[in-house]
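Undergrad: Next comes the structure file data-v9.cif, holding mmCIF, C-alpha atoms and all ligand atoms.
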```
data_coords
loop_
_atom_site.group_PDB
_atom_site.id
_atom_site.type_symbol
_atom_site.label_atom_id
_atom_site.label_comp_id
_atom_site.auth_asym_id
_atom_site.auth_seq_id
_atom_site.Cartn_x
_atom_site.Cartn_y
_atom_site.Cartn_z
ATOM 1 C CA MET A 1 7.461 -20.463 13.252
ATOM 2 C CA ASP A 2 5.594 -22.771 10.883
ATOM 3 C CA GLY A 3 3.501 -21.557 7.933
ATOM 4 C CA MET A 4 0.233 -21.368 9.872
ATOM 5 C CA GLU A 5 1.843 -19.415 12.702
ATOM 6 C CA GLN A 6 3.474 -17.036 10.209
ATOM 7 C CA MET A 7 0.115 -16.435 8.550
ATOM 8 C CA GLY A 8 -1.538 -15.779 11.918
ATOM 9 C CA ALA A 9 1.211 -13.416 13.073
ATOM 10 C CA ARG A 10 1.277 -11.397 9.854
ATOM 11 C CA GLY A 11 -2.543 -11.331 9.741
ATOM 12 C CA GLU A 12 -2.621 -9.966 13.286
ATOM 13 C CA GLU A 13 -0.130 -7.208 12.386
ATOM 14 C CA LEU A 14 -2.118 -6.292 9.270
ATOM 15 C CA SER A 15 -5.387 -6.256 11.244
ATOM 16 C CA ARG A 16 -3.849 -3.855 13.791
ATOM 17 C CA ALA A 17 -2.685 -1.594 10.955
ATOM 18 C CA GLY A 18 -6.217 -1.726 9.479
ATOM 19 C CA ARG A 19 -7.803 -0.585 12.736
ATOM 20 C CA LEU A 20 -5.360 2.332 13.005
ATOM 21 C CA PHE A 21 -5.847 3.346 9.366
ATOM 22 C CA PHE A 22 -9.648 3.178 9.638
ATOM 23 C CA ASP A 23 -9.602 5.305 12.796
ATOM 24 C CA ARG A 24 -7.532 7.896 10.930
ATOM 25 C CA GLY A 25 -9.956 7.897 7.962
ATOM 26 C CA TRP A 26 -7.459 6.380 5.503
ATOM 27 C CA VAL A 27 -9.499 3.278 4.520
ATOM 28 C CA PRO A 28 -13.172 4.358 4.310
ATOM 29 C CA ALA A 29 -15.886 1.800 3.553
ATOM 30 C CA THR A 30 -14.063 -1.325 2.278
ATOM 31 C CA ALA A 31 -11.236 0.615 0.598
ATOM 32 C CA GLY A 32 -7.568 -0.371 0.804
ATOM 33 C CA ASN A 33 -5.771 -3.696 0.898
ATOM 34 C CA PHE A 34 -2.791 -5.078 2.807
ATOM 35 C CA SER A 35 -0.312 -7.905 2.339
ATOM 36 C CA ALA A 36 2.821 -9.386 3.919
ATOM 37 C CA ARG A 37 5.447 -11.800 2.672
ATOM 38 C CA LEU A 38 5.377 -15.208 4.367
ATOM 39 C CA ASP A 39 8.457 -16.697 2.696
ATOM 40 C CA ALA A 40 10.260 -16.592 -0.649
ATOM 41 C CA ARG A 41 7.233 -18.005 -2.485
ATOM 42 C CA HIS A 42 4.110 -16.865 -0.622
ATOM 43 C CA MET A 43 2.300 -13.789 0.636
ATOM 44 C CA VAL A 44 -0.790 -13.305 2.755
ATOM 45 C CA ILE A 45 -3.283 -10.693 1.484
ATOM 46 C CA THR A 46 -6.645 -9.305 2.524
ATOM 47 C CA ALA A 47 -9.716 -10.873 0.951
ATOM 48 C CA SER A 48 -11.621 -8.598 -1.430
ATOM 49 C CA GLY A 49 -14.405 -6.400 -0.108
ATOM 50 C CA ARG A 50 -13.619 -6.738 3.601
ATOM 51 C CA HIS A 51 -13.816 -3.791 5.977
ATOM 52 C CA LYS A 52 -10.176 -3.003 6.742
ATOM 53 C CA GLY A 53 -10.982 -1.639 10.201
ATOM 54 C CA GLU A 54 -12.572 -4.920 11.240
ATOM 55 C CA LEU A 55 -10.221 -7.586 9.892
ATOM 56 C CA GLY A 56 -10.101 -10.985 11.580
ATOM 57 C CA ALA A 57 -8.329 -14.298 10.918
ATOM 58 C CA GLY A 58 -10.901 -15.265 8.252
ATOM 59 C CA ASP A 59 -10.176 -12.208 6.133
ATOM 60 C CA PHE A 60 -6.781 -13.266 4.740
ATOM 61 C CA LEU A 61 -5.674 -15.587 1.955
ATOM 62 C CA VAL A 62 -2.315 -17.062 1.052
ATOM 63 C CA VAL A 63 -1.260 -16.509 -2.568
ATOM 64 C CA GLY A 64 1.758 -17.932 -4.425
ATOM 65 C CA LEU A 65 4.178 -15.209 -5.522
ATOM 66 C CA GLU A 66 5.256 -17.008 -8.667
ATOM 67 C CA ASP A 67 2.228 -18.881 -9.932
ATOM 68 C CA GLU A 68 -0.442 -16.757 -8.164
ATOM 69 C CA THR A 69 -2.416 -19.850 -7.110
ATOM 70 C CA LEU A 70 -4.372 -19.631 -3.878
ATOM 71 C CA LYS A 71 -2.697 -21.745 -1.227
ATOM 72 C CA ASP A 72 -5.067 -21.305 1.679
ATOM 73 C CA VAL A 73 -8.484 -19.724 1.417
ATOM 74 C CA ARG A 74 -10.288 -18.898 4.642
ATOM 75 C CA PRO A 75 -13.212 -18.980 4.603
ATOM 76 C CA PRO A 76 -13.342 -21.240 1.515
ATOM 77 C CA GLY A 77 -14.640 -19.352 -1.494
ATOM 78 C CA GLY A 78 -13.101 -16.000 -0.505
ATOM 79 C CA LYS A 79 -11.380 -14.038 -3.245
ATOM 80 C CA PRO A 80 -8.081 -12.171 -2.854
ATOM 81 C CA SER A 81 -8.037 -8.374 -3.166
ATOM 82 C CA ALA A 82 -8.998 -7.093 -6.604
ATOM 83 C CA GLU A 83 -5.615 -5.307 -6.556
ATOM 84 C CA THR A 84 -3.538 -8.441 -5.870
ATOM 85 C CA ALA A 85 -1.400 -7.929 -8.998
ATOM 86 C CA LEU A 86 -0.074 -4.612 -7.627
ATOM 87 C CA HIS A 87 1.133 -6.462 -4.514
ATOM 88 C CA LEU A 88 2.541 -9.495 -6.358
ATOM 89 C CA ARG A 89 4.624 -7.362 -8.673
ATOM 90 C CA ARG A 90 6.161 -5.495 -5.711
ATOM 91 C CA TYR A 91 7.263 -8.765 -4.013
ATOM 92 C CA ARG A 92 8.689 -10.050 -7.274
ATOM 93 C CA SER A 93 10.888 -6.928 -7.518
ATOM 94 C CA GLY A 94 13.125 -8.229 -4.700
ATOM 95 C CA PRO A 95 13.384 -9.803 -1.241
ATOM 96 C CA ASP A 96 13.512 -6.423 0.544
ATOM 97 C CA VAL A 97 9.771 -6.027 0.014
ATOM 98 C CA GLY A 98 8.232 -7.671 3.088
ATOM 99 C CA ALA A 99 4.867 -5.898 3.241
ATOM 100 C CA VAL A 100 2.711 -3.754 0.923
ATOM 101 C CA LEU A 101 -0.009 -1.408 2.205
ATOM 102 C CA HIS A 102 -2.608 0.541 0.224
ATOM 103 C CA THR A 103 -4.784 3.362 1.604
ATOM 104 C CA HIS A 104 -7.480 5.687 0.206
ATOM 105 C CA SER A 105 -7.166 8.884 2.244
ATOM 106 C CA LEU A 106 -8.817 12.152 1.300
ATOM 107 C CA ALA A 107 -5.409 13.838 0.871
ATOM 108 C CA ALA A 108 -4.037 11.106 -1.436
ATOM 109 C CA THR A 109 -7.249 11.081 -3.470
ATOM 110 C CA VAL A 110 -7.482 14.859 -3.908
ATOM 111 C CA LEU A 111 -3.767 15.586 -4.461
ATOM 112 C CA SER A 112 -3.455 12.817 -7.037
ATOM 113 C CA ARG A 113 -6.353 14.355 -8.977
ATOM 114 C CA LEU A 114 -4.891 17.862 -8.795
ATOM 115 C CA ASN A 115 -1.404 16.657 -9.835
ATOM 116 C CA PRO A 116 -1.636 13.844 -12.386
ATOM 117 C CA GLY A 117 2.015 14.498 -13.304
ATOM 118 C CA GLY A 118 3.299 13.768 -9.786
ATOM 119 C CA VAL A 119 3.145 15.247 -6.281
ATOM 120 C CA VAL A 120 6.294 17.003 -5.051
ATOM 121 C CA LEU A 121 6.981 16.836 -1.311
ATOM 122 C CA GLU A 122 9.785 19.034 -0.001
ATOM 123 C CA GLY A 123 10.616 21.113 3.057
ATOM 124 C CA TYR A 124 9.039 18.711 5.565
ATOM 125 C CA GLU A 125 11.023 17.206 8.462
ATOM 126 C CA VAL A 126 8.833 14.067 8.409
ATOM 127 C CA LEU A 127 10.268 13.224 4.969
ATOM 128 C CA LYS A 128 13.108 11.689 7.011
ATOM 129 C CA ALA A 129 10.760 8.855 8.067
ATOM 130 C CA LEU A 130 11.001 7.605 4.481
ATOM 131 C CA PRO A 131 13.915 5.429 3.299
ATOM 132 C CA GLY A 132 16.849 7.218 1.725
ATOM 133 C CA VAL A 133 15.836 10.692 3.013
ATOM 134 C CA ASP A 134 18.141 12.369 5.548
ATOM 135 C CA SER A 135 17.155 16.031 5.348
ATOM 136 C CA HIS A 136 13.995 18.128 5.160
ATOM 137 C CA THR A 137 15.573 19.779 2.109
ATOM 138 C CA ALA A 138 15.145 16.558 0.109
ATOM 139 C CA ARG A 139 12.749 16.731 -2.818
ATOM 140 C CA LEU A 140 10.565 13.663 -3.231
ATOM 141 C CA GLU A 141 8.541 13.430 -6.414
ATOM 142 C CA VAL A 142 5.786 10.909 -5.787
ATOM 143 C CA PRO A 143 4.637 9.496 -9.142
ATOM 144 C CA VAL A 144 0.935 9.481 -9.990
ATOM 145 C CA PHE A 145 -0.353 6.753 -12.310
ATOM 146 C CA GLY A 146 -3.643 7.074 -14.171
ATOM 147 C CA ASN A 147 -6.243 4.797 -12.619
ATOM 148 C CA ASP A 148 -7.113 1.627 -14.523
ATOM 149 C CA GLN A 149 -9.587 -1.169 -13.813
ATOM 150 C CA ASP A 150 -7.177 -3.545 -15.581
ATOM 151 C CA ILE A 151 -4.942 -4.087 -12.543
ATOM 152 C CA PRO A 152 -2.273 -6.298 -14.213
ATOM 153 C CA ARG A 153 -1.846 -3.585 -16.884
ATOM 154 C CA LEU A 154 -1.609 -0.888 -14.196
ATOM 155 C CA ALA A 155 0.904 -3.019 -12.253
ATOM 156 C CA ALA A 156 3.074 -3.377 -15.371
ATOM 157 C CA ARG A 157 3.137 0.431 -15.818
ATOM 158 C CA VAL A 158 3.943 0.974 -12.141
ATOM 159 C CA GLU A 159 6.789 -1.565 -12.074
ATOM 160 C CA ALA A 160 8.338 -0.206 -15.277
ATOM 161 C CA HIS A 161 8.523 3.222 -13.611
ATOM 162 C CA LEU A 162 9.799 1.887 -10.278
ATOM 163 C CA SER A 163 12.572 -0.125 -11.886
ATOM 164 C CA ALA A 164 13.683 3.008 -13.776
ATOM 165 C CA HIS A 165 13.594 5.025 -10.502
ATOM 166 C CA PRO A 166 15.014 2.700 -7.839
ATOM 167 C CA GLY A 167 14.545 3.776 -4.223
ATOM 168 C CA LEU A 168 11.105 5.361 -4.626
ATOM 169 C CA PRO A 169 9.207 4.533 -1.412
ATOM 170 C CA GLY A 170 5.662 4.830 -2.751
ATOM 171 C CA TYR A 171 3.306 6.008 -5.475
ATOM 172 C CA LEU A 172 -0.188 7.384 -6.003
ATOM 173 C CA ILE A 173 -2.969 6.258 -8.315
ATOM 174 C CA GLU A 174 -5.050 9.159 -9.637
ATOM 175 C CA GLY A 175 -8.288 9.699 -7.719
ATOM 176 C CA HIS A 176 -7.655 6.411 -5.946
ATOM 177 C CA GLY A 177 -4.936 6.263 -3.274
ATOM 178 C CA LEU A 178 -1.456 5.506 -1.993
ATOM 179 C CA TYR A 179 0.719 2.391 -2.277
ATOM 180 C CA THR A 180 3.815 2.001 -0.113
ATOM 181 C CA TRP A 181 5.868 -0.914 1.223
ATOM 182 C CA GLY A 182 8.645 -1.873 3.599
ATOM 183 C CA ARG A 183 10.816 -4.736 4.793
ATOM 184 C CA SER A 184 8.239 -5.571 7.473
ATOM 185 C CA VAL A 185 4.622 -4.688 8.274
ATOM 186 C CA ALA A 186 5.895 -2.284 10.955
ATOM 187 C CA GLU A 187 8.144 -0.482 8.467
ATOM 188 C CA ALA A 188 5.454 -0.307 5.761
ATOM 189 C CA ARG A 189 3.022 1.061 8.361
ATOM 190 C CA ARG A 190 5.526 3.776 9.281
ATOM 191 C CA HIS A 191 5.747 4.702 5.618
ATOM 192 C CA VAL A 192 1.951 4.950 5.371
ATOM 193 C CA GLU A 193 1.891 7.206 8.443
ATOM 194 C CA ALA A 194 4.654 9.420 7.035
ATOM 195 C CA PHE A 195 3.091 9.689 3.567
ATOM 196 C CA GLU A 196 -0.378 10.387 4.911
ATOM 197 C CA PHE A 197 0.973 13.111 7.210
ATOM 198 C CA LEU A 198 2.982 14.681 4.372
ATOM 199 C CA LEU A 199 0.077 14.544 1.915
ATOM 200 C CA ALA A 200 -2.292 16.080 4.491
ATOM 201 C CA CYS A 201 0.255 18.884 5.126
ATOM 202 C CA GLU A 202 0.648 19.507 1.412
ATOM 203 C CA LEU A 203 -3.115 19.701 0.877
ATOM 204 C CA GLU A 204 -3.457 22.141 3.782
ATOM 205 C CA VAL A 205 -0.557 24.316 2.583
ATOM 206 C CA ARG A 206 -2.150 24.572 -0.850
ATOM 207 C CA ARG A 207 -5.580 25.317 0.612
ATOM 208 C CA LEU A 208 -4.234 28.109 2.841
ATOM 209 C CA SER A 209 -2.054 29.570 0.065
ATOM 210 C CA ARG A 210 -4.939 30.190 -2.346
HETATM 211 C C1 LIG A 301 -14.339 0.314 -2.102
HETATM 212 S S1 LIG A 301 -12.866 0.930 -2.783
HETATM 213 C C2 LIG A 301 -12.747 0.165 -4.406
HETATM 214 C C3 LIG A 301 -11.766 -0.983 -4.492
HETATM 215 C C4 LIG A 301 -10.401 -0.561 -4.052
HETATM 216 O O1 LIG A 301 -9.849 0.378 -4.615
HETATM 217 C C5 LIG A 301 -9.750 -1.151 -2.917
HETATM 218 O O2 LIG A 301 -8.686 -0.726 -2.508
HETATM 219 C C6 LIG A 301 -10.351 -2.335 -2.204
HETATM 220 O O3 LIG A 301 -10.403 -3.451 -3.035
HETATM 221 P P1 LIG A 301 -10.326 -4.939 -2.405
HETATM 222 O O4 LIG A 301 -10.722 -5.839 -3.529
HETATM 223 O O5 LIG A 301 -8.910 -5.132 -1.950
HETATM 224 O O6 LIG A 301 -11.263 -4.960 -1.237
HETATM 225 ZN ZN ZN A 302 -7.748 0.733 -3.913
#
```
Output the file's structure as structure tokens, nothing else.
Ligand SMILES: CSCCC(=O)C(=O)COP(=O)(O)O
Ligand SMILES: [Zn+2]

TA:
Amino acid sequence: MDGMEQMGARGEELSRAGRLFFDRGWVPATAGNFSARLDARHMVITASGRHKGELGAGDFLVVGLEDETLKDVRPPGGKPSAETALHLRRYRSGPDVGAVLHTHSLAATVLSRLNPGGVVLEGYEVLKALPGVDSHTARLEVPVFGNDQDIPRLAARVEAHLSAHPGLPGYLIEGHGLYTWGRSVAEARRHVEAFEFLLACELEVRRLSR
């Protein structure tokens, strides 16, 4: 597959994920952003401000992973996601990161506000959909980072934590949403589905236990 075909194929996968996530209520309004690795030096990412349930071929841009220059802007003049630095830093952490997905569900937003020190998920069978988890008895502490409009500064904080805690499959930003990733768009999408299910369960358990 040449570069253009790669971009089209990854864009199509990301658009399908966007439609699913919008239908589930995980990317309201223009919230969320999605990216996929094209090769060792490039990623494709959603343009800023686009409706993630209605993405088409003109809603993606190619960005260099090392120098961050825009390689292909369609339509010309489009700007990459405001949260591009959070994606770039994930790809730079290693070749196993093939896609990065960010959602803004109600559960992720509310739980991250209630638990700024981290959200603990344990006792759920669906935890096994996440990498490195082989039993419902596992205890996953999902870190919560304070929100920040300075995205490169936020990305630096996130990556410092992730490199000190290798194997973490995702994180939350307080009052904002979920970031997760995978080796492919399909794998990252599975991680979004698992996290969103687990976070919704956790919110419901807490609500019913009051
Ligand atoms: C409308 S939500 C505020 C911005 C945001 O958090 C987000 O995920 C979408 O930003 P983008 O620039 O990627 O459209
Ligand atoms: Zn966001």

Undergrad: Which value, in Å to one decimal, gives the distance between atom CA of Gly25 of chain A and atom C3 of ligand LIG 301 (chain A)?

TA: 15.4 Å

Undergrad: Using only C-alpha atoms and all ligand atoms, find each residue with an atom at most 6 Å away from ligand LIG 301 (chain A) and format the answer as a PDB file with C-alpha atoms, in the frame of the given file.

TA:
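Wrote it out as out-v6.pdb, contents follow:
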```pdb
ATOM      1  CA  THR A  30     -14.063  -1.325   2.278  1.00  0.00           C
ATOM      2  CA  ALA A  31     -11.236   0.615   0.598  1.00  0.00           C
ATOM      3  CA  GLY A  32      -7.568  -0.371   0.804  1.00  0.00           C
ATOM      4  CA  ASN A  33      -5.771  -3.696   0.898  1.00  0.00           C
ATOM      5  CA  SER A  48     -11.621  -8.598  -1.430  1.00  0.00           C
ATOM      6  CA  GLY A  49     -14.405  -6.400  -0.108  1.00  0.00           C
ATOM      7  CA  ARG A  50     -13.619  -6.738   3.601  1.00  0.00           C
ATOM      8  CA  SER A  81      -8.037  -8.374  -3.166  1.00  0.00           C
ATOM      9  CA  ALA A  82      -8.998  -7.093  -6.604  1.00  0.00           C
ATOM     10  CA  GLU A  83      -5.615  -5.307  -6.556  1.00  0.00           C
TER      11      GLU A  83
END
```

Undergrad: Give as a list in words the residues that the PyMOL selection byres (((chain A and resi 104) around 9) and not hetatm) matches when applied to the coordinates above.

TA: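 Expected selection for the PyMOL selection byres (((chain A and resi 104) around 9) and not hetatm) here is Gly25, Trp26, Val27, Pro28, Ala31, Gly32, His102, Thr103, Ser105, Leu106, Ala107, Ala108, Thr109, Gly175, His176, Gly177 and Leu178 of chain A.
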
Undergrad: Would you please work out which residue, of A:Leu127, A:Ala29, A:Val63, A:Val185, is nearest to ligand ZN 302 (chain A) when using all atoms listed in the file?

TA: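 The closest residue to ligand ZN 302 (chain A) is A:Ala29.
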
Undergrad: Would you list the contacts of Glu12 of chain A as number ranges by chain, taking every protein, DNA or RNA residue within 12 Å and counting all atoms listed in the file, but skipping same-chain residues closer than 2 positions in sequence?

TA: A: 5-10, 14-19, 34-36, 44-46, 54-60, 185-186

Undergrad: Please measure the separation of atom CA of Ser184 of chain A and atom CA of Pro95 of chain A, giving the value in Å to one decimal.

TA: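 So the two atoms, atom CA of Ser184 of chain A and atom CA of Pro95 of chain A, lie 11.0 Å apart.
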
Undergrad: Just the number, please: distance in Å from atom CA of Leu114 of chain A to atom CA of Asp134 of chain A, one decimal.

TA: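 For atom CA of Leu114 of chain A relative to atom CA of Asp134 of chain A, the distance reads 27.7 Å.
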
Undergrad: As a list in words, please: the residues near Glu202 of chain A (cut-off 8 Å, only C-alpha atoms, same-chain neighbours under 4 positions excluded).

TA: Leu121, Leu198 and Arg206 of chain A

Undergrad: Check the smallest atom-to-atom distance from each of A:Pro143, A:Gly64, A:Gly53, A:Pro169 to Arg183 of chain A using only C-alpha atoms, then report the winner.

TA: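 With only C-alpha atoms as the atom set, the closest residue is A:Pro169.
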
Undergrad: Which residue is closest to Gly146 of chain A? Choose from A:Gly11, A:Gly118, A:Pro131, A:Pro166 and count only C-alpha atoms.

TA: A:Gly118

Undergrad: What would the selection look like, as a PyMOL selection string, if the PyMOL selection byres (((chain A and resi 125) around 12) and not hetatm) were run on the coordinates I just shared?

TA: chain A and resi 121-124+126-130+133-139+194-195+197-198+201

Undergrad: For a cut-off of 12 Å around (2.2, -16.3, -12.4), file coordinates, pick out all residues using all atoms listed in the file and list them as a PyMOL selection string.

TA: chain A and resi 41-42+63-70+84-85+88-89+92+152

Undergrad: Emit the selected residues as an mmCIF file, keeping the file's coordinate frame, including C-alpha atoms.

TA:
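Resulting contents of result.cif:
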```
data_model
loop_
_atom_site.group_PDB
_atom_site.id
_atom_site.type_symbol
_atom_site.label_atom_id
_atom_site.label_comp_id
_atom_site.auth_asym_id
_atom_site.auth_seq_id
_atom_site.Cartn_x
_atom_site.Cartn_y
_atom_site.Cartn_z
ATOM 1 C CA ARG A 41 7.233 -18.005 -2.485
ATOM 2 C CA HIS A 42 4.110 -16.865 -0.622
ATOM 3 C CA VAL A 63 -1.260 -16.509 -2.568
ATOM 4 C CA GLY A 64 1.758 -17.932 -4.425
ATOM 5 C CA LEU A 65 4.178 -15.209 -5.522
ATOM 6 C CA GLU A 66 5.256 -17.008 -8.667
ATOM 7 C CA ASP A 67 2.228 -18.881 -9.932
ATOM 8 C CA GLU A 68 -0.442 -16.757 -8.164
ATOM 9 C CA THR A 69 -2.416 -19.850 -7.110
ATOM 10 C CA LEU A 70 -4.372 -19.631 -3.878
ATOM 11 C CA THR A 84 -3.538 -8.441 -5.870
ATOM 12 C CA ALA A 85 -1.400 -7.929 -8.998
ATOM 13 C CA LEU A 88 2.541 -9.495 -6.358
ATOM 14 C CA ARG A 89 4.624 -7.362 -8.673
ATOM 15 C CA ARG A 92 8.689 -10.050 -7.274
ATOM 16 C CA PRO A 152 -2.273 -6.298 -14.213
#
```

Undergrad: Name the residues, using the chain letters and numbers of the file, that sit within 9 Å of (9.0, -5.0, 1.3) when counting only C-alpha atoms, and give them as a list in words.

TA: Ala36, Arg37, Arg90, Tyr91, Gly94, Pro95, Asp96, Val97, Gly98, Ala99, Val100, Thr180, Trp181, Gly182, Arg183, Ser184, Val185, Glu187 and Ala188 of chain A

Undergrad: Find the smallest box with edges along x, y and z containing every listed atom of segment 108-115 of chain A, then add 5 Å on each side and report centre and edge lengths in Å to one decimal, as AutoDock Vina command-line options.

TA:
```
--center_x -4.4 --center_y 14.5 --center_z -5.6 --size_x 16.1 --size_y 16.8 --size_z 18.4
```

Undergrad: Between A:Val120, A:Val144, A:Leu101, A:Met1, which one has atoms that come closest to ligand ZN 302 (chain A), using all atoms listed in the file?

TA: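 Using all atoms listed in the file, ligand ZN 302 (chain A) sits closest to A:Leu101.
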
Undergrad: Would you mind telling me which residue in A:Leu162, A:Val110, A:Val205, A:Leu172 lies nearest to ligand ZN 302 (chain A) when using all atoms listed in the file?

TA: A:Leu172

Undergrad: Restricting the calculation to only C-alpha atoms and all ligand atoms: of A:Glu174, A:Glu13, A:Asp39, A:Asp2, which residue gets closest to ligand ZN 302 (chain A)?

TA: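 Comparing A:Glu174, A:Glu13, A:Asp39, A:Asp2 against ligand ZN 302 (chain A), the winner is A:Glu174.
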
Undergrad: With N, CA and C atoms as the goal, would you fill in the gaps in segment 76-89 of chain A and present it as a short mmCIF file (atom, residue, chain, number, x, y, z; two decimals), keeping the file's coordinate frame?

TA:
```cif
data_model
loop_
_atom_site.label_atom_id
_atom_site.label_comp_id
_atom_site.auth_asym_id
_atom_site.auth_seq_id
_atom_site.Cartn_x
_atom_site.Cartn_y
_atom_site.Cartn_z
N PRO A 76 -13.40 -20.74 2.89
CA PRO A 76 -13.34 -21.24 1.52
C PRO A 76 -14.27 -20.42 0.62
N GLY A 77 -13.81 -20.12 -0.57
CA GLY A 77 -14.64 -19.35 -1.49
C GLY A 77 -14.29 -17.88 -1.51
N GLY A 78 -13.51 -17.41 -0.52
CA GLY A 78 -13.10 -16.00 -0.50
C GLY A 78 -12.21 -15.69 -1.70
N LYS A 79 -12.22 -14.44 -2.10
CA LYS A 79 -11.38 -14.04 -3.24
C LYS A 79 -10.33 -13.06 -2.75
N PRO A 80 -9.09 -13.15 -3.28
CA PRO A 80 -8.08 -12.17 -2.85
C PRO A 80 -8.43 -10.78 -3.36
N SER A 81 -7.83 -9.76 -2.75
CA SER A 81 -8.04 -8.37 -3.17
C SER A 81 -8.06 -8.24 -4.68
N ALA A 82 -8.94 -7.37 -5.16
CA ALA A 82 -9.00 -7.09 -6.60
C ALA A 82 -7.68 -6.49 -7.10
N GLU A 83 -6.86 -5.97 -6.17
CA GLU A 83 -5.62 -5.31 -6.56
C GLU A 83 -4.38 -6.18 -6.28
N THR A 84 -4.62 -7.50 -6.20
CA THR A 84 -3.54 -8.44 -5.87
C THR A 84 -2.32 -8.28 -6.79
N ALA A 85 -2.54 -8.02 -8.06
CA ALA A 85 -1.40 -7.93 -9.00
C ALA A 85 -0.43 -6.81 -8.61
N LEU A 86 -0.96 -5.71 -8.04
CA LEU A 86 -0.07 -4.61 -7.63
C LEU A 86 0.82 -5.03 -6.47
N HIS A 87 0.34 -5.93 -5.62
CA HIS A 87 1.13 -6.46 -4.51
C HIS A 87 2.15 -7.48 -5.04
N LEU A 88 1.66 -8.44 -5.84
CA LEU A 88 2.54 -9.49 -6.36
C LEU A 88 3.76 -8.92 -7.06
N ARG A 89 3.51 -7.92 -7.89
CA ARG A 89 4.62 -7.36 -8.67
C ARG A 89 5.65 -6.68 -7.78
#
```
